[in-house]
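With mmCIF, C-alpha atoms inside, this is input_6.cif:
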```
data_entry
#
loop_
_atom_site.group_PDB
_atom_site.id
_atom_site.type_symbol
_atom_site.label_atom_id
_atom_site.label_comp_id
_atom_site.auth_asym_id
_atom_site.auth_seq_id
_atom_site.Cartn_x
_atom_site.Cartn_y
_atom_site.Cartn_z
ATOM 1 C CA MET Y 1 122.103 78.066 128.859
ATOM 2 C CA VAL Y 2 120.920 79.039 125.383
ATOM 3 C CA GLN Y 3 118.740 82.164 125.334
ATOM 4 C CA ARG Y 4 115.957 81.285 122.907
ATOM 5 C CA VAL Y 5 114.424 84.305 121.195
ATOM 6 C CA VAL Y 6 110.829 83.196 121.591
ATOM 7 C CA VAL Y 7 111.263 82.576 125.324
ATOM 8 C CA SER Y 8 112.799 86.006 125.841
ATOM 9 C CA LYS Y 9 109.983 87.691 123.924
ATOM 10 C CA LEU Y 10 107.301 85.860 125.904
ATOM 11 C CA LEU Y 11 108.830 86.690 129.276
ATOM 12 C CA ASN Y 12 109.546 90.329 128.487
ATOM 13 C CA SER Y 13 106.297 91.296 126.811
ATOM 14 C CA SER Y 14 103.928 93.559 128.740
ATOM 15 C CA ARG Y 15 100.930 91.600 127.392
ATOM 16 C CA PRO Y 16 100.339 88.022 126.285
ATOM 17 C CA LEU Y 17 101.775 87.365 122.825
ATOM 18 C CA VAL Y 18 99.278 86.075 120.271
ATOM 19 C CA PHE Y 19 99.970 83.080 118.032
ATOM 20 C CA GLY Y 20 97.543 82.372 115.209
ATOM 21 C CA MET Y 21 96.970 78.798 114.069
ATOM 22 C CA ILE Y 22 97.145 77.640 110.468
ATOM 23 C CA HIS Y 23 95.253 74.363 110.271
ATOM 24 C CA VAL Y 24 96.900 72.986 107.147
ATOM 25 C CA PRO Y 25 94.393 71.299 104.790
ATOM 26 C CA ALA Y 26 94.363 67.497 104.882
ATOM 27 C CA LEU Y 27 97.671 66.239 103.531
ATOM 28 C CA PRO Y 28 98.351 63.565 100.892
ATOM 29 C CA GLY Y 29 97.589 60.050 102.093
ATOM 30 C CA THR Y 30 95.083 61.107 104.767
ATOM 31 C CA PRO Y 31 91.360 60.246 104.513
ATOM 32 C CA SER Y 32 90.143 63.818 104.040
ATOM 33 C CA ASN Y 33 92.707 64.903 101.475
ATOM 34 C CA THR Y 34 91.165 66.496 98.389
ATOM 35 C CA LEU Y 35 93.638 69.222 97.430
ATOM 36 C CA SER Y 36 96.859 68.991 95.486
ATOM 37 C CA MET Y 37 100.047 69.933 97.298
ATOM 38 C CA SER Y 38 100.297 73.167 95.333
ATOM 39 C CA ALA Y 39 96.744 74.122 96.385
ATOM 40 C CA ILE Y 40 97.526 73.290 100.007
ATOM 41 C CA LEU Y 41 100.628 75.473 99.985
ATOM 42 C CA LYS Y 42 98.743 78.327 98.326
ATOM 43 C CA LYS Y 43 96.199 78.232 101.165
ATOM 44 C CA VAL Y 44 98.928 78.120 103.823
ATOM 45 C CA ARG Y 45 100.609 81.169 102.304
ATOM 46 C CA LYS Y 46 97.306 83.035 102.061
ATOM 47 C CA GLU Y 47 96.477 82.418 105.729
ATOM 48 C CA ALA Y 48 99.993 83.313 106.859
ATOM 49 C CA ASP Y 49 99.751 86.594 104.936
ATOM 50 C CA VAL Y 50 96.402 87.388 106.573
ATOM 51 C CA TYR Y 51 97.776 86.711 110.032
ATOM 52 C CA PHE Y 52 100.941 88.759 109.671
ATOM 53 C CA LYS Y 53 99.171 91.659 107.954
ATOM 54 C CA ASN Y 54 96.734 91.808 110.881
ATOM 55 C CA GLY Y 55 99.339 92.074 113.587
ATOM 56 C CA VAL Y 56 99.679 88.706 115.314
ATOM 57 C CA ASP Y 57 102.954 88.094 117.128
ATOM 58 C CA GLY Y 58 103.473 84.633 115.681
ATOM 59 C CA VAL Y 59 101.943 81.819 113.643
ATOM 60 C CA ILE Y 60 101.931 78.043 114.083
ATOM 61 C CA VAL Y 61 101.331 75.458 111.341
ATOM 62 C CA GLU Y 62 99.580 72.242 112.326
ATOM 63 C CA ASN Y 63 98.194 69.303 110.326
ATOM 64 C CA MET Y 64 94.893 69.264 112.215
ATOM 65 C CA HIS Y 65 92.811 68.185 109.212
ATOM 66 C CA ASP Y 66 94.709 64.876 109.031
ATOM 67 C CA VAL Y 67 92.146 63.063 111.193
ATOM 68 C CA PRO Y 68 92.153 60.352 112.332
ATOM 69 C CA TYR Y 69 95.652 60.791 113.672
ATOM 70 C CA VAL Y 70 98.247 58.073 114.054
ATOM 71 C CA LYS Y 71 100.969 57.606 116.620
ATOM 72 C CA PRO Y 72 104.528 58.576 115.663
ATOM 73 C CA PRO Y 73 106.594 58.304 113.634
ATOM 74 C CA ALA Y 74 104.807 60.444 111.051
ATOM 75 C CA ASN Y 75 104.874 59.159 107.478
ATOM 76 C CA PRO Y 76 107.516 60.646 105.158
ATOM 77 C CA GLU Y 77 104.936 62.425 102.988
ATOM 78 C CA ILE Y 78 103.540 64.195 106.067
ATOM 79 C CA VAL Y 79 106.973 65.395 107.151
ATOM 80 C CA SER Y 80 107.752 66.543 103.602
ATOM 81 C CA ALA Y 81 104.435 68.355 103.285
ATOM 82 C CA MET Y 82 104.813 70.095 106.637
ATOM 83 C CA SER Y 83 108.325 71.173 105.648
ATOM 84 C CA LEU Y 84 106.908 72.818 102.535
ATOM 85 C CA ALA Y 85 104.136 74.436 104.590
ATOM 86 C CA SER Y 86 106.709 75.753 107.070
ATOM 87 C CA ASP Y 87 108.737 77.207 104.234
ATOM 88 C CA GLN Y 88 105.666 79.139 103.065
ATOM 89 C CA LEU Y 89 105.147 80.404 106.604
ATOM 90 C CA VAL Y 90 108.723 81.662 106.834
ATOM 91 C CA LYS Y 91 108.493 83.377 103.440
ATOM 92 C CA SER Y 92 105.287 85.123 104.496
ATOM 93 C CA ARG Y 93 106.864 86.254 107.761
ATOM 94 C CA ASP Y 94 109.900 87.645 105.965
ATOM 95 C CA ALA Y 95 107.695 89.486 103.472
ATOM 96 C CA HIS Y 96 105.210 90.983 105.913
ATOM 97 C CA ARG Y 97 106.516 90.905 109.472
ATOM 98 C CA PRO Y 98 110.220 90.148 109.887
ATOM 99 C CA GLY Y 99 110.962 89.191 113.458
ATOM 100 C CA ALA Y 100 107.564 87.613 114.090
ATOM 101 C CA LEU Y 101 107.650 84.155 115.654
ATOM 102 C CA THR Y 102 106.940 80.884 113.868
ATOM 103 C CA GLY Y 103 106.247 77.384 115.138
ATOM 104 C CA ILE Y 104 104.971 73.941 114.224
ATOM 105 C CA GLN Y 105 103.080 70.990 115.622
ATOM 106 C CA ILE Y 106 102.883 67.675 113.763
ATOM 107 C CA LEU Y 107 100.073 65.396 114.891
ATOM 108 C CA ALA Y 108 100.011 63.107 116.589
ATOM 109 C CA ALA Y 109 102.928 63.545 118.969
ATOM 110 C CA ALA Y 110 105.430 63.598 116.085
ATOM 111 C CA ASN Y 111 107.765 65.748 118.129
ATOM 112 C CA LEU Y 112 111.044 64.514 116.649
ATOM 113 C CA GLU Y 113 109.719 65.169 113.162
ATOM 114 C CA ALA Y 114 108.534 68.639 114.184
ATOM 115 C CA MET Y 115 111.974 69.432 115.585
ATOM 116 C CA GLY Y 116 113.614 68.344 112.330
ATOM 117 C CA VAL Y 117 111.258 70.498 110.277
ATOM 118 C CA ALA Y 118 111.670 73.496 112.586
ATOM 119 C CA TYR Y 119 115.440 73.290 112.361
ATOM 120 C CA THR Y 120 115.659 72.876 108.598
ATOM 121 C CA THR Y 121 113.093 75.567 107.749
ATOM 122 C CA GLY Y 122 114.079 78.177 110.321
ATOM 123 C CA LEU Y 123 111.165 78.074 112.744
ATOM 124 C CA ASP Y 124 111.468 79.302 116.317
ATOM 125 C CA PHE Y 125 109.684 76.580 118.276
ATOM 126 C CA ILE Y 126 107.657 73.403 118.300
ATOM 127 C CA ARG Y 127 104.521 72.471 120.228
ATOM 128 C CA ALA Y 128 105.077 69.039 121.722
ATOM 129 C CA GLU Y 129 102.725 66.398 123.089
ATOM 130 C CA GLY Y 130 103.678 63.935 125.816
ATOM 131 C CA PHE Y 131 106.898 65.697 126.803
ATOM 132 C CA VAL Y 132 106.706 64.532 130.410
ATOM 133 C CA TYR Y 133 104.560 61.707 131.785
ATOM 134 C CA SER Y 134 102.273 59.651 129.579
ATOM 135 C CA HIS Y 135 98.623 59.902 128.611
ATOM 136 C CA VAL Y 136 96.001 58.151 126.534
ATOM 137 C CA ALA Y 137 94.826 60.017 123.448
ATOM 138 C CA ASP Y 138 92.289 58.952 120.830
ATOM 139 C CA GLU Y 139 95.151 57.535 118.761
ATOM 140 C CA GLY Y 140 96.400 55.467 121.716
ATOM 141 C CA TRP Y 141 99.068 55.537 124.399
ATOM 142 C CA ILE Y 142 101.521 58.465 124.166
ATOM 143 C CA ASP Y 143 104.785 58.143 126.064
ATOM 144 C CA GLY Y 144 106.906 60.907 127.541
ATOM 145 C CA CYS Y 145 109.657 61.963 125.146
ATOM 146 C CA ALA Y 146 111.748 64.657 126.848
ATOM 147 C CA GLY Y 147 115.009 62.725 126.927
ATOM 148 C CA GLY Y 148 114.946 61.562 123.317
ATOM 149 C CA LEU Y 149 113.616 64.829 121.921
ATOM 150 C CA LEU Y 150 116.167 67.077 123.580
ATOM 151 C CA ARG Y 151 119.026 64.737 122.725
ATOM 152 C CA TYR Y 152 117.872 64.897 119.115
ATOM 153 C CA ARG Y 153 117.781 68.698 119.310
ATOM 154 C CA SER Y 154 121.331 68.687 120.650
ATOM 155 C CA SER Y 155 122.513 66.338 117.899
ATOM 156 C CA LEU Y 156 121.161 68.755 115.282
ATOM 157 C CA LYS Y 157 122.732 71.729 117.067
ATOM 158 C CA ALA Y 158 119.231 73.178 117.009
ATOM 159 C CA ASP Y 159 119.366 74.633 120.510
ATOM 160 C CA HIS Y 160 117.729 77.838 119.291
ATOM 161 C CA VAL Y 161 114.471 75.912 118.632
ATOM 162 C CA ALA Y 162 112.273 76.128 121.734
ATOM 163 C CA VAL Y 163 109.999 73.339 122.955
ATOM 164 C CA PHE Y 164 106.608 74.267 124.404
ATOM 165 C CA THR Y 165 104.678 71.339 125.763
ATOM 166 C CA ASP Y 166 101.048 70.707 126.592
ATOM 167 C CA ILE Y 167 100.386 69.508 130.124
ATOM 168 C CA LYS Y 168 97.195 67.593 130.956
ATOM 169 C CA LYS Y 169 96.664 67.820 127.207
ATOM 170 C CA LYS Y 170 93.253 68.293 125.559
ATOM 171 C CA HIS Y 171 91.598 65.378 123.717
ATOM 172 C CA SER Y 172 93.238 62.980 126.163
ATOM 173 C CA ALA Y 173 92.579 60.908 129.292
ATOM 174 C CA HIS Y 174 94.807 61.482 132.301
ATOM 175 C CA SER Y 175 93.627 58.892 134.805
ATOM 176 C CA ILE Y 176 97.086 57.376 134.965
ATOM 177 C CA THR Y 177 98.454 60.714 136.236
ATOM 178 C CA ALA Y 178 95.458 61.676 138.356
ATOM 179 C CA ASP Y 179 97.720 61.888 141.413
ATOM 180 C CA VAL Y 180 99.962 64.442 139.683
ATOM 181 C CA SER Y 181 98.572 67.990 139.748
ATOM 182 C CA ILE Y 182 98.893 70.267 136.750
ATOM 183 C CA GLN Y 183 101.204 72.430 138.850
ATOM 184 C CA GLU Y 184 103.501 69.477 139.567
ATOM 185 C CA MET Y 185 103.465 68.528 135.897
ATOM 186 C CA ALA Y 186 104.523 72.065 134.970
ATOM 187 C CA LYS Y 187 107.348 71.894 137.502
ATOM 188 C CA ASP Y 188 108.496 68.573 136.041
ATOM 189 C CA ALA Y 189 108.332 69.952 132.499
ATOM 190 C CA LYS Y 190 110.609 72.790 133.582
ATOM 191 C CA PHE Y 191 112.916 70.393 135.448
ATOM 192 C CA ASN Y 192 113.163 68.298 132.270
ATOM 193 C CA CYS Y 193 114.242 71.351 130.277
ATOM 194 C CA ALA Y 194 111.092 72.332 128.405
ATOM 195 C CA ASP Y 195 111.027 75.989 127.386
ATOM 196 C CA GLY Y 196 107.422 76.573 128.432
ATOM 197 C CA VAL Y 197 104.095 74.863 129.046
ATOM 198 C CA ILE Y 198 100.668 75.084 127.448
ATOM 199 C CA VAL Y 199 97.434 74.910 129.417
ATOM 200 C CA THR Y 200 94.262 73.934 127.537
ATOM 201 C CA GLY Y 201 90.627 73.036 127.993
ATOM 202 C CA SER Y 202 89.312 69.552 127.295
ATOM 203 C CA SER Y 203 89.111 69.975 123.507
ATOM 204 C CA THR Y 204 89.804 72.334 120.621
ATOM 205 C CA GLY Y 205 87.880 75.556 121.164
ATOM 206 C CA SER Y 206 87.139 74.745 124.819
ATOM 207 C CA ALA Y 207 88.341 77.348 127.287
ATOM 208 C CA ALA Y 208 91.127 76.516 129.697
ATOM 209 C CA SER Y 209 90.669 76.947 133.432
ATOM 210 C CA ALA Y 210 91.864 80.281 134.811
ATOM 211 C CA GLU Y 211 92.435 78.543 138.150
ATOM 212 C CA GLU Y 212 94.659 75.896 136.545
ATOM 213 C CA MET Y 213 96.618 78.665 134.836
ATOM 214 C CA SER Y 214 97.083 80.374 138.209
ATOM 215 C CA GLN Y 215 98.259 77.128 139.793
ATOM 216 C CA VAL Y 216 100.845 76.673 137.075
ATOM 217 C CA LEU Y 217 102.047 80.271 137.323
ATOM 218 C CA ARG Y 218 102.463 79.859 141.096
ATOM 219 C CA GLY Y 219 104.458 76.685 140.572
ATOM 220 C CA VAL Y 220 106.994 77.926 138.020
ATOM 221 C CA SER Y 221 108.714 81.288 137.806
ATOM 222 C CA GLU Y 222 110.447 82.936 134.857
ATOM 223 C CA PHE Y 223 108.959 80.222 132.692
ATOM 224 C CA PRO Y 224 106.504 80.822 129.823
ATOM 225 C CA VAL Y 225 102.933 79.678 130.379
ATOM 226 C CA LEU Y 226 100.686 79.762 127.316
ATOM 227 C CA ILE Y 227 96.951 79.205 126.907
ATOM 228 C CA GLY Y 228 96.351 76.729 124.099
ATOM 229 C CA SER Y 229 92.603 76.560 123.519
ATOM 230 C CA GLY Y 230 89.371 78.492 123.817
ATOM 231 C CA ILE Y 231 90.789 82.022 123.985
ATOM 232 C CA ASN Y 232 88.492 84.720 122.595
ATOM 233 C CA GLY Y 233 87.776 88.411 123.022
ATOM 234 C CA LYS Y 234 85.317 87.769 125.834
ATOM 235 C CA ASN Y 235 87.618 85.758 128.104
ATOM 236 C CA ALA Y 236 91.103 87.018 127.175
ATOM 237 C CA ARG Y 237 91.214 89.304 130.208
ATOM 238 C CA ASP Y 238 90.704 86.268 132.495
ATOM 239 C CA PHE Y 239 94.018 84.884 131.222
ATOM 240 C CA VAL Y 240 96.006 88.111 131.072
ATOM 241 C CA LYS Y 241 98.676 86.736 133.435
ATOM 242 C CA ALA Y 242 99.645 84.133 130.831
ATOM 243 C CA HIS Y 243 102.621 84.844 128.598
ATOM 244 C CA GLY Y 244 100.961 83.796 125.362
ATOM 245 C CA PHE Y 245 97.689 82.912 123.656
ATOM 246 C CA ILE Y 246 97.440 80.280 120.919
ATOM 247 C CA VAL Y 247 94.298 81.119 118.965
ATOM 248 C CA GLY Y 248 92.680 79.119 116.182
ATOM 249 C CA SER Y 249 88.927 78.768 116.415
ATOM 250 C CA ASP Y 250 88.161 82.373 117.360
ATOM 251 C CA PHE Y 251 89.913 83.683 114.246
ATOM 252 C CA LYS Y 252 87.732 81.604 111.925
ATOM 253 C CA ILE Y 253 84.296 82.413 110.513
ATOM 254 C CA GLY Y 254 81.707 81.536 113.141
ATOM 255 C CA GLY Y 255 84.438 80.629 115.627
ATOM 256 C CA ASP Y 256 84.813 77.165 114.053
ATOM 257 C CA TRP Y 257 88.368 75.908 113.460
ATOM 258 C CA LYS Y 258 87.320 74.167 110.234
ATOM 259 C CA ASN Y 259 86.240 77.428 108.572
ATOM 260 C CA GLU Y 260 88.140 80.125 106.698
ATOM 261 C CA LEU Y 261 90.049 82.886 108.481
ATOM 262 C CA GLU Y 262 88.170 86.132 109.025
ATOM 263 C CA ALA Y 263 90.568 89.087 109.044
ATOM 264 C CA SER Y 264 88.197 91.359 110.957
ATOM 265 C CA ARG Y 265 88.097 88.912 113.869
ATOM 266 C CA ILE Y 266 91.898 88.948 114.048
ATOM 267 C CA THR Y 267 92.071 92.742 113.932
ATOM 268 C CA LYS Y 268 89.432 93.100 116.641
ATOM 269 C CA PHE Y 269 91.130 90.535 118.883
ATOM 270 C CA MET Y 270 94.544 92.139 118.489
ATOM 271 C CA ARG Y 271 93.128 95.557 119.304
ATOM 272 C CA HIS Y 272 91.677 94.106 122.510
ATOM 273 C CA VAL Y 273 94.843 92.246 123.521
ATOM 274 C CA ASN Y 274 96.992 95.312 122.866
ATOM 275 C CA SER Y 275 94.985 97.060 125.581
ATOM 276 C CA LEU Y 276 95.762 94.381 128.151
ATOM 277 C CA LYS Y 277 98.676 94.475 130.579
ATOM 278 C CA ARG Y 278 100.100 91.466 132.405
#
```

Kindly return the structure encoded in the file as structure tokens.
Amino acid sequence: MVQRVVVSKLLNSSRPLVFGMIHVPALPGTPSNTLSMSAILKKVRKEADVYFKNGVDGVIVENMHDVPYVKPPANPEIVSAMSLASDQLVKSRDAHRPGALTGIQILAAANLEAMGVAYTTGLDFIRAEGFVYSHVADEGWIDGCAGGLLRYRSSLKADHVAVFTDIKKKHSAHSITADVSIQEMAKDAKFNCADGVIVTGSSTGSAASAEEMSQVLRGVSEFPVLIGSGINGKNARDFVKAHGFIVGSDFKIGGDWKNELEASRITKFMRHVNSLKR
């Protein structure tokens, strides 16, 4: 089995690894787009530089400002734009923190497109939606995609690109899988060859459940479990058994994901996390 670098780093770290989120400004063709592509890329590079200079372990680019989202496939201009954004991320990493981890999520549920971008731009992983089971999101029904996604990865010979998947994903309804516990879903994600799972709260900025995290950790062993929303300096210790934290809102001015990054918040958070031990 391929040993993916990001998986090894997550499992062998003595503390949760920290991944900062770059919420890429609204892209061309989306309702909120106001910036030129050059301005968007300048902002992506600036935020990536701030993150890496302040000691995060990795950075993820995501087109979160592209609301309202649409079901896959993503439009060609979105894939092109996210490829350019990913290239800026990689250049920043190489300039400031070689060896740091990089990832991508393309909304909504554009997992094939994210895999293609990750492979061609040299990213380490993707964050996938709807990997196993199905759910209803605000953009509609999202089907499980494990089989098609991993066959696509194999066809690209992109086996080094890890797939981390949300389970009981935020901003979604899960009535159809109400009889499947989050622990069972994590087990099925592992069985279907995901590289790790992400536990979240109900929405962006909402804290996950420490009990749900514990259930997942009891259900899967030697398998990365990340916390994907609501992590901050006050509750990080509650989730210290997780392998990674994905942090967006808490690194922004006022703790609001829509605002600018605040370097001092990143530095303070990293100082706190560096004192934690799994």

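With only C-alpha atoms as the atoms that count, the minimum distance from Ser154 (chain Y) to the choices Y:Gly248, Y:Ala26, Y:Pro224, Y:Gly116 is reached by Y:Gly116.
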
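The interatomic distance for the pair CA of Val6 (chain Y) and CA of Gly244 (chain Y) works out to 10.6 Å.
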
Expressed in Å, the length from CA of Ser92 (chain Y) to CA of Glu62 (chain Y) is 16.1 Å

Contacts of Asp166 (chain Y) at 7 Å (only C-alpha atoms; same-chain gap of 4+ positions) as a PyMOL selection string: chain Y and resi 128-129+197-199

Written selection (C-alpha atoms) as a CSV table (one decimal), keeping the file's coordinate frame:
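selection_24.csv, freshly written:
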```
chain,number,residue,atom,x,y,z
Y,128,ALA,CA,105.1,69.0,121.7
Y,129,GLU,CA,102.7,66.4,123.1
Y,197,VAL,CA,104.1,74.9,129.0
Y,198,ILE,CA,100.7,75.1,127.4
Y,199,VAL,CA,97.4,74.9,129.4
```

Residue neighbourhood His160 (chain Y), 12 Å, all atoms listed in the file, exclusion window fewer than 2 positions, as number ranges by chain: Y: 1-8, 115, 118-120, 122-126, 150, 153-154, 156-158, 162-163, 195

Within 8 Å of region 15-20 of chain Y using only C-alpha atoms, minus same-chain residues under 4 positions, as a list in words: Leu10, Tyr51, Val56, Asp57, Gly58, Val59, Ile60, Val240, Lys241, Ala242, His243, Gly244, Phe245, Ile246, Val247, Gly248, Phe251, Met270, Val273, Asn274, Leu276, Lys277 and Arg278 of chain Y

Straight-line distance linking CA of Arg93 (chain Y) with CA of Val79 (chain Y), stated in Å to one decimal: 20.9 Å

Polymer residues at most 9 Å from Lys91 (chain Y), all atoms listed in the file, same-chain spacing of 5 or more positions, as a PDB file with C-alpha atoms, in the frame of the given file:
```pdb
ATOM      1  CA  ARG Y  45     100.609  81.169 102.304  1.00  0.00           C
ATOM      2  CA  SER Y  86     106.709  75.753 107.070  1.00  0.00           C
ATOM      3  CA  HIS Y  96     105.210  90.983 105.913  1.00  0.00           C
TER       4      HIS Y  96
END
```

Which polymer residues have any atom within 12 Å of an atom of Ile176 (chain Y), counting only C-alpha atoms, with same-chain residues fewer than 6 positions away left out, as a list in words? Tyr133, Ser134, His135, Val136, Trp141, Ile142, Asp143 and Lys168 of chain Y

Assuming 6 Å of padding per side, give the centre and edge lengths of the axis-aligned box around every listed atom of region 10-14 of chain Y, in Å to one decimal and as JSON.
```
{"center_x": 106.7, "center_y": 89.7, "center_z": 127.6, "size_x": 17.6, "size_y": 19.7, "size_z": 15.4}
```

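Shortest atom-to-atom contact with Met37 (chain Y) among Y:Asn111, Y:Gln105, Y:Ser80, Y:Asn54: Y:Ser80, counting only C-alpha atoms.
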
Which of Y:Asp179, Y:Ser229, Y:Gly29, Y:Lys42 sits closest to Ile78 (chain Y) [using all atoms listed in the file]: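 Smallest distance to Ile78 (chain Y) is found for Y:Gly29.
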
For the provided coordinates, the residues matched by the PyMOL selection byres ((chain Y and resi 190) around 12) should be stated as a PyMOL selection string. chain Y and resi 131-132+146+163-165+167+183-189+191-198+216-217+219-225

Can you translate the PyMOL selection byres ((chain Y and resi 65) around 12) into the concrete residues it hits in this file, as JSON, numbers by chain? {"Y": [22, 23, 24, 25, 26, 27, 28, 29, 30, 31, 32, 33, 34, 35, 40, 61, 62, 63, 64, 66, 67, 68, 69, 78, 106, 107, 108, 257, 258, 259]}

Which is closest to Lys43 (chain Y) among Y:Ser249, Y:Glu260, Y:Ala137, Y:Ser155, if we use all atoms listed in the file?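 Of Y:Ser249, Y:Glu260, Y:Ala137, Y:Ser155, the one nearest Lys43 (chain Y), counting all atoms listed in the file, is Y:Glu260.
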
Hey, which of Y:Pro72, Y:Leu261, Y:Asp138, Y:Gly103 ends up closest to His171 (chain Y)? Count all atoms listed in the file.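 With all atoms listed in the file as the atom set, the closest residue is Y:Asp138.
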